[in-house]
file coords.cif (mmCIF, C-alpha atoms and all ligand atoms)
data_input
loop_
_atom_site.label_atom_id
_atom_site.label_comp_id
_atom_site.auth_asym_id
_atom_site.auth_seq_id
_atom_site.Cartn_x
_atom_site.Cartn_y
_atom_site.Cartn_z
CA MET Y 29 -0.23 -16.40 -3.93
CA SER Y 30 1.08 -19.89 -3.28
CA ASN Y 31 1.77 -22.33 -6.08
CA PRO Y 32 2.09 -26.16 -6.10
CA ALA Y 33 5.85 -25.93 -5.47
CA ASP Y 34 5.20 -23.92 -2.29
CA ILE Y 35 2.68 -26.52 -1.11
CA ALA Y 36 5.15 -29.34 -1.80
CA ARG Y 37 7.86 -27.50 0.13
CA ALA Y 38 5.44 -26.87 3.01
CA VAL Y 39 4.58 -30.59 3.16
CA GLU Y 40 8.29 -31.47 3.27
CA LEU Y 41 8.82 -29.04 6.13
CA LEU Y 42 5.82 -30.36 8.09
CA LEU Y 43 6.99 -33.97 7.62
CA ALA Y 44 10.45 -32.88 8.86
CA GLY Y 45 8.93 -31.39 12.03
CA GLU Y 46 9.34 -27.74 10.99
CA LEU Y 47 6.94 -24.78 11.19
CA VAL Y 48 4.96 -23.28 8.30
CA GLY Y 49 2.93 -20.06 8.21
CA ILE Y 50 -0.52 -20.89 6.84
CA PRO Y 51 -3.24 -18.63 5.45
CA THR Y 52 -6.77 -19.35 6.64
CA GLU Y 53 -10.00 -17.43 6.13
CA THR Y 54 -9.83 -16.12 9.73
CA VAL Y 55 -6.20 -15.21 10.51
CA TYR Y 56 -2.82 -16.69 9.56
CA GLY Y 57 -1.78 -19.75 11.56
CA LEU Y 58 1.62 -21.04 12.65
CA GLY Y 59 1.41 -24.71 11.72
CA ALA Y 60 3.18 -27.90 12.74
CA ASP Y 61 2.44 -31.62 12.39
CA ALA Y 62 -0.13 -32.16 15.17
CA ALA Y 63 1.09 -35.73 15.74
CA ASN Y 64 4.69 -34.67 16.37
CA PRO Y 65 5.25 -33.31 19.91
CA GLN Y 66 8.73 -31.94 19.08
CA ALA Y 67 7.31 -30.00 16.14
CA VAL Y 68 4.44 -28.68 18.26
CA ALA Y 69 6.95 -27.57 20.92
CA LYS Y 70 8.50 -25.28 18.29
CA ILE Y 71 5.19 -23.42 17.99
CA PHE Y 72 5.24 -22.56 21.68
CA ALA Y 73 8.88 -21.47 21.49
CA ALA Y 74 8.30 -19.27 18.42
CA LYS Y 75 5.22 -17.59 19.88
CA GLY Y 76 6.43 -17.27 23.45
CA ARG Y 77 3.17 -18.97 24.41
CA PRO Y 78 2.66 -20.79 27.76
CA ALA Y 79 2.82 -24.56 27.23
CA ASP Y 80 -0.52 -25.31 28.91
CA HIS Y 81 -2.50 -23.40 26.25
CA PRO Y 82 -4.13 -25.86 23.86
CA LEU Y 83 -3.87 -25.52 20.07
CA ILE Y 84 -6.46 -26.01 17.33
CA VAL Y 85 -5.87 -28.99 15.02
CA HIS Y 86 -6.76 -28.20 11.41
CA ILE Y 87 -8.01 -31.16 9.40
CA PRO Y 88 -8.83 -31.67 5.67
CA GLY Y 89 -12.47 -32.62 6.27
CA ALA Y 90 -15.01 -33.91 8.79
CA ASN Y 91 -14.04 -37.46 7.76
CA TYR Y 92 -10.83 -36.90 9.77
CA LEU Y 93 -12.69 -36.22 13.04
CA GLU Y 94 -12.32 -39.81 14.25
CA ARG Y 95 -8.53 -39.60 13.86
CA TRP Y 96 -8.40 -36.93 16.59
CA ALA Y 97 -11.59 -37.24 18.68
CA VAL Y 98 -13.79 -39.85 20.38
CA ASP Y 99 -17.42 -39.89 21.62
CA ILE Y 100 -18.27 -37.48 18.81
CA PRO Y 101 -21.89 -36.30 19.18
CA ASP Y 102 -24.19 -36.15 16.12
CA LEU Y 103 -24.31 -32.41 16.64
CA ALA Y 104 -20.62 -32.17 15.69
CA TYR Y 105 -21.36 -33.70 12.30
CA GLU Y 106 -24.40 -31.46 11.86
CA LEU Y 107 -22.37 -28.32 12.61
CA ALA Y 108 -19.56 -29.57 10.37
CA GLU Y 109 -22.05 -30.14 7.56
CA ASP Y 110 -23.29 -26.57 7.74
CA PHE Y 111 -20.14 -24.63 8.60
CA TRP Y 112 -17.07 -26.56 7.38
CA PRO Y 113 -14.89 -25.64 5.68
CA GLY Y 114 -15.28 -22.44 7.66
CA PRO Y 115 -14.54 -20.35 10.75
CA LEU Y 116 -15.87 -22.73 13.41
CA THR Y 117 -13.75 -24.71 15.88
CA LEU Y 118 -15.33 -27.65 17.74
CA ILE Y 119 -13.99 -28.84 21.08
CA LEU Y 120 -14.43 -32.62 21.41
CA LYS Y 121 -13.10 -35.44 23.61
CA ARG Y 122 -9.60 -36.21 22.47
CA ALA Y 123 -8.64 -39.53 20.91
CA PRO Y 124 -5.87 -41.58 22.54
CA GLY Y 125 -2.55 -40.64 21.03
CA VAL Y 126 -3.26 -36.94 20.53
CA PRO Y 127 -0.12 -35.37 22.02
CA ASP Y 128 -0.45 -33.53 25.33
CA ALA Y 129 1.51 -30.72 23.69
CA VAL Y 130 -1.52 -30.07 21.45
CA THR Y 131 -4.23 -30.27 24.10
CA GLY Y 132 -2.36 -28.57 26.91
CA GLY Y 133 -2.88 -31.80 28.85
CA GLN Y 134 -6.69 -31.49 28.73
CA ASP Y 135 -8.95 -34.40 27.78
CA THR Y 136 -10.39 -32.43 24.86
CA VAL Y 137 -9.09 -31.29 21.47
CA GLY Y 138 -10.04 -28.33 19.27
CA LEU Y 139 -10.69 -29.17 15.59
CA ARG Y 140 -11.55 -27.21 12.51
CA VAL Y 141 -11.59 -27.44 8.70
CA PRO Y 142 -10.39 -24.04 7.45
CA GLY Y 143 -12.23 -22.35 4.60
CA HIS Y 144 -9.19 -21.32 2.57
CA LEU Y 145 -8.05 -23.04 -0.63
CA VAL Y 146 -4.32 -22.84 0.20
CA ALA Y 147 -4.88 -24.29 3.69
CA LEU Y 148 -7.08 -27.07 2.28
CA ASP Y 149 -4.57 -27.84 -0.50
CA LEU Y 150 -1.84 -28.10 2.13
CA LEU Y 151 -3.92 -30.27 4.48
CA ARG Y 152 -4.84 -32.66 1.66
CA ALA Y 153 -1.28 -32.83 0.33
CA PHE Y 154 0.10 -33.39 3.84
CA ALA Y 155 -2.34 -36.27 4.42
CA ALA Y 156 -1.65 -37.73 0.96
CA ALA Y 157 2.11 -37.67 1.64
CA GLY Y 158 1.62 -39.94 4.65
CA GLY Y 159 1.39 -37.13 7.19
CA SER Y 160 -0.95 -37.26 10.16
CA GLY Y 161 -3.72 -35.30 8.45
CA GLY Y 162 -3.67 -32.73 11.24
CA ILE Y 163 -1.88 -29.41 11.42
CA ALA Y 164 -1.80 -27.80 14.86
CA ALA Y 165 -1.87 -24.04 14.36
CA PRO Y 166 -2.49 -21.13 16.68
CA SER Y 167 -2.63 -17.62 15.26
CA ALA Y 168 0.84 -16.73 13.95
CA ASN Y 169 1.48 -13.78 16.28
CA ARG Y 170 3.69 -13.42 19.32
CA PHE Y 171 1.71 -14.36 22.43
CA GLY Y 172 -0.82 -11.69 23.43
CA ARG Y 173 -0.25 -9.58 20.31
CA ILE Y 174 -2.37 -8.74 17.28
CA SER Y 175 -3.24 -11.71 15.08
CA PRO Y 176 -1.80 -11.54 11.53
CA THR Y 177 -4.13 -11.22 8.56
CA THR Y 178 -1.48 -11.10 5.81
CA ALA Y 179 1.70 -13.09 5.09
CA ALA Y 180 3.73 -9.91 5.67
CA HIS Y 181 2.26 -9.64 9.19
CA VAL Y 182 3.49 -13.18 9.95
CA ARG Y 183 7.01 -12.29 8.83
CA GLU Y 184 6.86 -9.16 10.96
CA GLU Y 185 5.70 -11.15 14.03
CA LEU Y 186 7.90 -14.21 13.75
CA GLY Y 187 10.75 -13.46 11.35
CA ASP Y 188 13.14 -16.37 10.92
CA ALA Y 189 11.35 -18.54 13.48
CA VAL Y 190 9.16 -19.82 10.64
CA ALA Y 191 10.84 -21.54 7.68
CA LEU Y 192 8.12 -20.78 5.11
CA VAL Y 193 5.03 -18.57 5.06
CA LEU Y 194 2.48 -19.56 2.43
CA ASP Y 195 0.92 -16.43 0.98
CA GLY Y 196 -2.84 -16.72 0.60
CA GLY Y 197 -3.59 -13.01 0.43
CA ALA Y 198 -5.47 -11.03 3.07
CA CYS Y 199 -7.76 -13.12 5.31
CA VAL Y 200 -11.41 -12.81 4.31
CA VAL Y 201 -12.92 -12.97 7.81
CA GLY Y 202 -10.14 -11.22 9.73
CA ILE Y 203 -10.87 -12.41 13.29
CA GLU Y 204 -10.37 -15.86 14.84
CA SER Y 205 -12.86 -18.70 14.52
CA THR Y 206 -15.93 -19.13 16.70
CA ILE Y 207 -15.16 -21.84 19.29
CA VAL Y 208 -17.97 -24.15 20.45
CA ASP Y 209 -17.30 -26.77 23.12
CA LEU Y 210 -19.33 -29.94 22.54
CA SER Y 211 -17.49 -32.07 25.09
CA SER Y 212 -20.01 -31.62 27.89
CA GLY Y 213 -23.17 -32.69 26.06
CA GLN Y 214 -24.44 -29.19 25.47
CA PRO Y 215 -22.90 -26.52 23.18
CA VAL Y 216 -20.88 -23.87 25.03
CA LEU Y 217 -19.58 -20.76 23.26
CA LEU Y 218 -15.91 -20.34 24.26
CA ARG Y 219 -15.06 -17.60 21.76
CA PRO Y 220 -17.43 -15.51 19.62
CA GLY Y 221 -16.59 -15.14 15.93
CA HIS Y 222 -17.99 -14.71 12.45
CA ILE Y 223 -20.36 -17.66 12.96
CA THR Y 224 -22.88 -16.21 15.39
CA PRO Y 225 -24.77 -17.86 18.26
CA ALA Y 226 -27.95 -17.44 16.18
CA ALA Y 227 -26.36 -19.37 13.28
CA ILE Y 228 -25.37 -22.15 15.69
CA GLU Y 229 -28.88 -22.16 17.16
CA SER Y 230 -30.28 -22.72 13.67
CA VAL Y 231 -28.46 -26.08 13.63
CA CYS Y 232 -28.58 -27.05 17.34
CA GLY Y 233 -32.08 -25.82 18.06
CA GLU Y 234 -30.66 -24.03 21.09
CA LEU Y 235 -28.35 -21.11 21.69
CA PRO Y 236 -24.87 -22.11 22.90
CA THR Y 237 -24.47 -21.24 26.56
CA LEU Y 238 -21.64 -19.15 27.96
CA PRO Y 239 -18.78 -20.90 29.76
CA THR Y 240 -18.79 -21.39 33.50
CA ALA Y 241 -15.68 -20.79 35.60
CA ALA Y 242 -14.79 -24.48 35.27
CA ALA Y 243 -14.71 -24.37 31.47
CA PRO Y 244 -11.46 -25.28 29.71
CA ARG Y 245 -8.96 -22.50 29.24
CA ALA Y 246 -8.73 -20.75 25.94
CA SER Y 247 -5.96 -18.20 25.47
CA GLY Y 248 -8.39 -16.16 23.42
CA THR Y 249 -10.41 -15.89 26.61
CA LEU Y 250 -7.68 -14.29 28.69
CA GLU Y 251 -8.57 -10.72 29.51
CA ALA Y 252 -5.61 -9.10 27.81
CA HIS Y 253 -5.07 -10.28 24.25
CA TYR Y 254 -4.82 -9.10 20.66
CA ALA Y 255 -3.14 -5.97 21.96
CA PRO Y 256 -1.04 -3.23 20.34
CA THR Y 257 1.88 -1.83 22.34
CA THR Y 258 0.47 1.72 22.06
CA PRO Y 259 -1.96 2.68 24.88
CA MET Y 260 -5.61 2.49 23.81
CA ARG Y 261 -8.77 4.13 24.94
CA ARG Y 262 -12.44 3.86 24.02
CA VAL Y 263 -14.50 6.98 23.43
CA GLU Y 264 -18.21 7.26 22.57
CA GLY Y 265 -18.78 8.59 19.05
CA ALA Y 266 -20.78 11.52 20.37
CA ARG Y 267 -17.79 12.62 22.47
CA LEU Y 268 -15.06 11.90 19.92
CA ALA Y 269 -14.64 15.41 18.49
CA GLN Y 270 -14.68 16.92 21.97
CA PHE Y 271 -12.16 14.37 23.25
CA LEU Y 272 -9.72 14.97 20.40
CA ASN Y 273 -10.19 18.70 20.77
CA ALA Y 274 -9.27 18.49 24.45
CA LEU Y 275 -5.97 16.88 23.47
CA ARG Y 276 -5.24 19.71 21.06
CA HIS Y 277 -2.88 21.62 23.28
CA SER Y 278 -1.25 18.62 24.92
CA GLY Y 279 0.70 17.96 21.72
CA ARG Y 280 -0.29 14.30 21.84
CA ARG Y 281 -0.96 12.60 18.51
CA CYS Y 282 -3.75 10.07 18.35
CA GLY Y 283 -4.48 7.18 16.05
CA VAL Y 284 -8.25 7.14 15.68
CA LEU Y 285 -10.10 3.91 14.88
CA ALA Y 286 -13.47 5.24 13.72
CA HIS Y 287 -16.46 3.79 11.90
CA SER Y 288 -19.26 6.35 11.97
CA GLN Y 289 -17.45 9.62 12.56
CA PRO Y 290 -15.97 11.08 9.38
CA PRO Y 291 -12.44 12.40 9.88
CA LEU Y 292 -12.63 15.89 11.31
CA ALA Y 293 -11.43 18.61 8.96
CA VAL Y 294 -7.71 19.33 8.94
CA SER Y 295 -8.56 22.61 10.61
CA GLY Y 296 -10.10 20.52 13.39
CA PRO Y 297 -8.53 19.10 16.52
CA ASN Y 298 -5.07 18.04 15.36
CA PRO Y 299 -4.08 17.53 11.75
CA ALA Y 300 -1.35 15.17 12.95
CA HIS Y 301 -3.91 12.60 14.14
CA VAL Y 302 -3.95 9.43 12.07
CA TRP Y 303 -7.41 8.25 11.08
CA LYS Y 304 -8.58 4.77 10.16
CA MET Y 305 -12.16 4.63 8.94
CA LEU Y 306 -13.56 1.13 9.23
CA PRO Y 307 -16.87 -0.05 7.73
CA ALA Y 308 -19.88 0.76 9.93
CA GLU Y 309 -21.06 -2.87 9.89
CA PRO Y 310 -19.50 -5.72 11.87
CA VAL Y 311 -18.38 -8.07 9.08
CA GLY Y 312 -16.42 -5.40 7.23
CA TYR Y 313 -15.16 -3.97 10.52
CA ALA Y 314 -13.85 -7.41 11.61
CA HIS Y 315 -12.17 -7.87 8.24
CA ASP Y 316 -10.16 -4.66 8.64
CA LEU Y 317 -9.73 -4.52 12.42
CA TYR Y 318 -6.36 -6.20 13.03
CA ALA Y 319 -4.59 -4.62 10.05
CA ALA Y 320 -5.87 -1.20 11.16
CA LEU Y 321 -4.72 -1.74 14.76
CA ARG Y 322 -1.33 -2.91 13.50
CA ASP Y 323 -0.98 0.18 11.26
CA LEU Y 324 -1.93 2.52 14.09
CA ASP Y 325 0.51 0.73 16.40
CA HIS Y 326 3.27 1.48 13.86
CA ALA Y 327 2.18 5.06 13.20
CA GLY Y 328 4.18 6.48 16.09
CA VAL Y 329 1.10 7.90 17.83
CA ASP Y 330 0.87 8.38 21.61
CA LEU Y 331 -2.62 6.97 21.98
CA ILE Y 332 -5.04 4.85 19.96
CA VAL Y 333 -8.60 6.13 20.37
CA VAL Y 334 -11.34 3.65 19.47
CA GLU Y 335 -14.76 5.03 18.65
CA ALA Y 336 -17.17 2.87 20.69
CA ILE Y 337 -19.04 0.30 18.60
CA PRO Y 338 -22.74 -0.58 18.97
CA GLU Y 339 -23.60 -2.95 21.84
CA THR Y 340 -25.79 -5.22 19.69
CA PRO Y 341 -25.51 -8.99 19.00
CA PRO Y 342 -24.07 -8.68 15.46
CA TRP Y 343 -21.11 -6.77 16.93
CA GLN Y 344 -20.42 -9.39 19.66
CA ALA Y 345 -17.22 -10.87 18.16
CA VAL Y 346 -15.73 -7.47 17.31
CA ALA Y 347 -16.65 -6.17 20.78
CA ASP Y 348 -14.87 -9.17 22.33
CA ARG Y 349 -11.63 -8.50 20.39
CA LEU Y 350 -11.72 -4.76 21.09
CA ARG Y 351 -12.34 -5.32 24.79
CA ARG Y 352 -9.29 -7.57 25.04
CA ALA Y 353 -7.13 -5.24 22.96
CA LEU Y 354 -8.11 -2.38 25.28
CA ALA Y 355 -7.32 -4.50 28.35
CA GLY Y 356 -3.98 -5.57 26.86
CA ALA Y 357 -3.00 -2.03 25.91
CA GLY Y 358 -3.86 -0.62 29.31
CA GLY Y 359 -7.08 1.03 28.12
CA ALA Y 360 -10.59 0.78 29.46
O1 LIG Q 401 -9.34 -18.89 13.53
C1 LIG Q 401 -8.66 -19.56 14.30
O2 LIG Q 401 -9.14 -20.32 15.14
C2 LIG Q 401 -7.13 -19.41 14.13
C3 LIG Q 401 -6.73 -20.03 12.81
C4 LIG Q 401 -5.23 -20.09 12.64
O3 LIG Q 401 -7.30 -21.28 12.67
N1 LIG Q 401 -6.46 -20.05 15.22
C5 LIG Q 401 -6.45 -19.54 16.46
O4 LIG Q 401 -5.63 -20.21 17.32
O5 LIG Q 401 -7.08 -18.55 16.78
P1 LIG Q 401 -5.24 -19.67 18.78
O6 LIG Q 401 -4.32 -20.67 19.39
O7 LIG Q 401 -4.74 -18.31 18.67
O8 LIG Q 401 -6.55 -19.78 19.53
C6 LIG Q 401 -7.10 -21.06 19.68
C7 LIG Q 401 -8.00 -21.07 20.83
C8 LIG Q 401 -7.23 -20.77 22.07
O9 LIG Q 401 -7.97 -19.83 22.81
C9 LIG Q 401 -7.17 -22.12 22.73
O10 LIG Q 401 -7.01 -22.04 24.11
C10 LIG Q 401 -8.49 -22.72 22.30
O11 LIG Q 401 -8.57 -22.35 20.96
N2 LIG Q 401 -8.50 -24.17 22.40
C11 LIG Q 401 -7.84 -25.05 21.66
N3 LIG Q 401 -8.05 -26.30 22.11
C12 LIG Q 401 -8.88 -26.20 23.15
C13 LIG Q 401 -9.47 -27.13 24.06
N4 LIG Q 401 -9.23 -28.42 24.00
N5 LIG Q 401 -10.28 -26.64 25.02
C14 LIG Q 401 -10.52 -25.30 25.11
N6 LIG Q 401 -10.00 -24.38 24.30
C15 LIG Q 401 -9.18 -24.83 23.34
MG MG Q 402 -4.32 -16.37 19.00
#
call {"tool": "encode", "arguments": {"input": "coords.cif", "output": "structure tokens", "more": "lines below"}}
Ligand code: TXA
Ligand code: MG
result
Amino acid sequence: MSNPADIARAVELLLAGELVGIPTETVYGLGADAANPQAVAKIFAAKGRPADHPLIVHIPGANYLERWAVDIPDLAYELAEDFWPGPLTLILKRAPGVPDAVTGGQDTVGLRVPGHLVALDLLRAFAAAGGSGGIAAPSANRFGRISPTTAAHVREELGDAVALVLDGGACVVGIESTIVDLSSGQPVLLRPGHITPAAIESVCGELPTLPTAAAPRASGTLEAHYAPTTPMRRVEGARLAQFLNALRHSGRRCGVLAHSQPPLAVSGPNPAHVWKMLPAEPVGYAHDLYAALRDLDHAGVDLIVVEAIPETPPWQAVADRLRRALAGAGGA
């Protein structure tokens, strides 16, 4: 875990325009001073991310909203009150002076207060040291790849491109924040996450709508994303045993991401298959998902087989990430 000396070093690096790996409750971020365009440019270079993709600015508290946004609706403060610090990103009209590098040239900015003590310590220390009070941080993975949920994953993804990775342990939530766009007067759900539409409705009095074609771009909304390099395929639980059995004689080894099917006996389809059993409920499944995909991607298997998950609202965020991983890894 990080200690005060690590935080002090991280603040020095941010003030000097360098990159720092940051633990949050969702996934690890690759952070830079959000007010420094040269520092932000290093994020795009390290990730291999297209420059027109906007970044989320992490702030120490809702009292920093006015530093980065204008025309802030009451609803933003109400959502902040209920969900910050926590896994919710709000899209608001940008304040003058927010670098184009952060917003991808759009007239809006994404803001969130992360629910992780190390991230909050860093944000507060950075502000107290005269920094801008904002750390721009996308997920600390190479563009299009699996988001990191441990400090070791960040090292594996980015190596020497990041000067320091603060270690805050494994991320508690495990998938990226829910993104709600409030810039158009009515809440629009840009990315599902741990904070559900129903939870947002409990504050707004209305369910967030889904984006129209004209909605701002979010890289998390590209079809292919969060993807392993191993091909992936989705199989209904009821057909899983039969599917693996059919591969028996092909000599192909599978990595199986299961949640309801217990591993088949070693005498079953292929003892060389690698099984990952995830919890059969969406919060636990989300927590383990990326680490499991990463492990299976490194297991030297020919195919990752995902047992289909339930098509019910509580599984929405997990379904979204799996769908994109399948698209990115050439699966269906
Ligand atoms: O949980 C998270 O949100 C993590 C942690 C590190 O905070 N961050 C994260 O960042 O997932 P990233 O860059 O991987 O995804 C941020 C998403 C992208 O899809 C980006 O396009 C969208 O937020 N975004 C940021 N600013 C936006 C804006 N002004 N309008 C629309 N989408 C925006
Ligand atoms: Mg990302």
call {"tool": "residues_around", "arguments": {"input": "coords.cif", "residues": "stretch 53-58 of chain Y", "least_positions_apart": "6", "cutoff": "7 Å", "atoms": "all atoms listed in the file", "output": "JSON, numbers by chain"}}
result
{"Y": [47, 71, 115, 142, 143, 144, 165, 166, 167, 168, 175, 176, 177, 178, 199, 200, 201, 202, 203, 204, 205]}
call {"tool": "residues_near_point", "arguments": {"input": "coords.cif", "point": "(-29.4, -22.7, 17.2)", "cutoff": "12 Å", "atoms": "all atoms listed in the file", "output": "list in words"}}
result
Leu103, Glu106, Leu107, Asp110, Val208, Gln214, Pro215, Val216, Leu217, Ile223, Thr224, Pro225, Ala226, Ala227, Ile228, Glu229, Ser230, Val231, Cys232, Gly233, Glu234, Leu235, Pro236 and Thr237 of chain Y
call {"tool": "write_last_selection", "arguments": {"input": "coords.cif", "atoms": "C-alpha atoms", "output": "PDB file, in the frame of the given file"}}
result
ATOM      1  CA  LEU Y 103     -24.310 -32.410  16.640  1.00  0.00           C
ATOM      2  CA  GLU Y 106     -24.400 -31.460  11.860  1.00  0.00           C
ATOM      3  CA  LEU Y 107     -22.370 -28.320  12.610  1.00  0.00           C
ATOM      4  CA  ASP Y 110     -23.290 -26.570   7.740  1.00  0.00           C
ATOM      5  CA  VAL Y 208     -17.970 -24.150  20.450  1.00  0.00           C
ATOM      6  CA  GLN Y 214     -24.440 -29.190  25.470  1.00  0.00           C
ATOM      7  CA  PRO Y 215     -22.900 -26.520  23.180  1.00  0.00           C
ATOM      8  CA  VAL Y 216     -20.880 -23.870  25.030  1.00  0.00           C
ATOM      9  CA  LEU Y 217     -19.580 -20.760  23.260  1.00  0.00           C
ATOM     10  CA  ILE Y 223     -20.360 -17.660  12.960  1.00  0.00           C
ATOM     11  CA  THR Y 224     -22.880 -16.210  15.390  1.00  0.00           C
ATOM     12  CA  PRO Y 225     -24.770 -17.860  18.260  1.00  0.00           C
ATOM     13  CA  ALA Y 226     -27.950 -17.440  16.180  1.00  0.00           C
ATOM     14  CA  ALA Y 227     -26.360 -19.370  13.280  1.00  0.00           C
ATOM     15  CA  ILE Y 228     -25.370 -22.150  15.690  1.00  0.00           C
ATOM     16  CA  GLU Y 229     -28.880 -22.160  17.160  1.00  0.00           C
ATOM     17  CA  SER Y 230     -30.280 -22.720  13.670  1.00  0.00           C
ATOM     18  CA  VAL Y 231     -28.460 -26.080  13.630  1.00  0.00           C
ATOM     19  CA  CYS Y 232     -28.580 -27.050  17.340  1.00  0.00           C
ATOM     20  CA  GLY Y 233     -32.080 -25.820  18.060  1.00  0.00           C
ATOM     21  CA  GLU Y 234     -30.660 -24.030  21.090  1.00  0.00           C
ATOM     22  CA  LEU Y 235     -28.350 -21.110  21.690  1.00  0.00           C
ATOM     23  CA  PRO Y 236     -24.870 -22.110  22.900  1.00  0.00           C
ATOM     24  CA  THR Y 237     -24.470 -21.240  26.560  1.00  0.00           C
TER      25      THR Y 237
END
call {"tool": "closest_residue", "arguments": {"input": "coords.cif", "among": "Y:Gly161, Y:Pro239, Y:Gly125, Y:Pro32", "to": "ligand LIG 401 (chain Q)", "atoms": "all atoms listed in the file"}}
result
Y:Pro239
call {"tool": "atom_distance", "arguments": {"input": "coords.cif", "atom1": "atom CA of Y:Val346", "atom2": "atom MG of ligand MG 402 (chain Q)"}}
result
14.6 Å
call {"tool": "closest_residue", "arguments": {"input": "coords.cif", "among": "Y:Tyr105, Y:Phe171, Y:Trp112, Y:Trp303", "to": "Y:His86", "atoms": "all atoms listed in the file"}}
result
Y:Trp112
call {"tool": "closest_residue", "arguments": {"input": "coords.cif", "among": "Y:His301, Y:Lys75, Y:His326, Y:His277", "to": "ligand MG 402 (chain Q)", "atoms": "only C-alpha atoms and all ligand atoms"}}
result
Y:Lys75
call {"tool": "residues_near_point", "arguments": {"input": "coords.cif", "point": "(-0.7, -32.6, 28.1)", "cutoff": "12 Å", "atoms": "all atoms listed in the file", "output": "number ranges by chain"}}
result
Y: 65, 68-69, 79-83, 122, 124-137
call {"tool": "closest_residue", "arguments": {"input": "coords.cif", "among": "Y:Gly356, Y:Gly283, Y:Gly265, Y:Gly59", "to": "Y:Ala336", "atoms": "all atoms listed in the file"}}
result
Y:Gly265
call {"tool": "atom_distance", "arguments": {"input": "coords.cif", "atom1": "atom CA of Y:Asp209", "atom2": "atom CA of Y:Pro341"}}
result
20.0 Å
call {"tool": "atom_distance", "arguments": {"input": "coords.cif", "atom1": "atom CA of Y:Lys304", "atom2": "atom CA of Y:Ile332"}}
result
10.4 Å
call {"tool": "axis_aligned_box", "arguments": {"input": "coords.cif", "around": "ligand LIG 401 (chain Q)", "padding_each_side": "3 Å", "output": "lines of an AutoDock Vina configuration file"}}
result
center_x = -7.4
center_y = -23.4
center_z = 18.9
size_x = 12.2
size_y = 16.1
size_z = 18.5
call {"tool": "closest_residue", "arguments": {"input": "coords.cif", "among": "Y:Gly312, Y:Gly159, Y:Pro101, Y:Pro78", "to": "Y:Ala38", "atoms": "all atoms listed in the file"}}
result
Y:Gly159
call {"tool": "closest_residue", "arguments": {"input": "coords.cif", "among": "Y:Ala255, Y:Ile174, Y:Leu139, Y:Leu324", "to": "Y:Leu285", "atoms": "all atoms listed in the file"}}
result
Y:Leu324
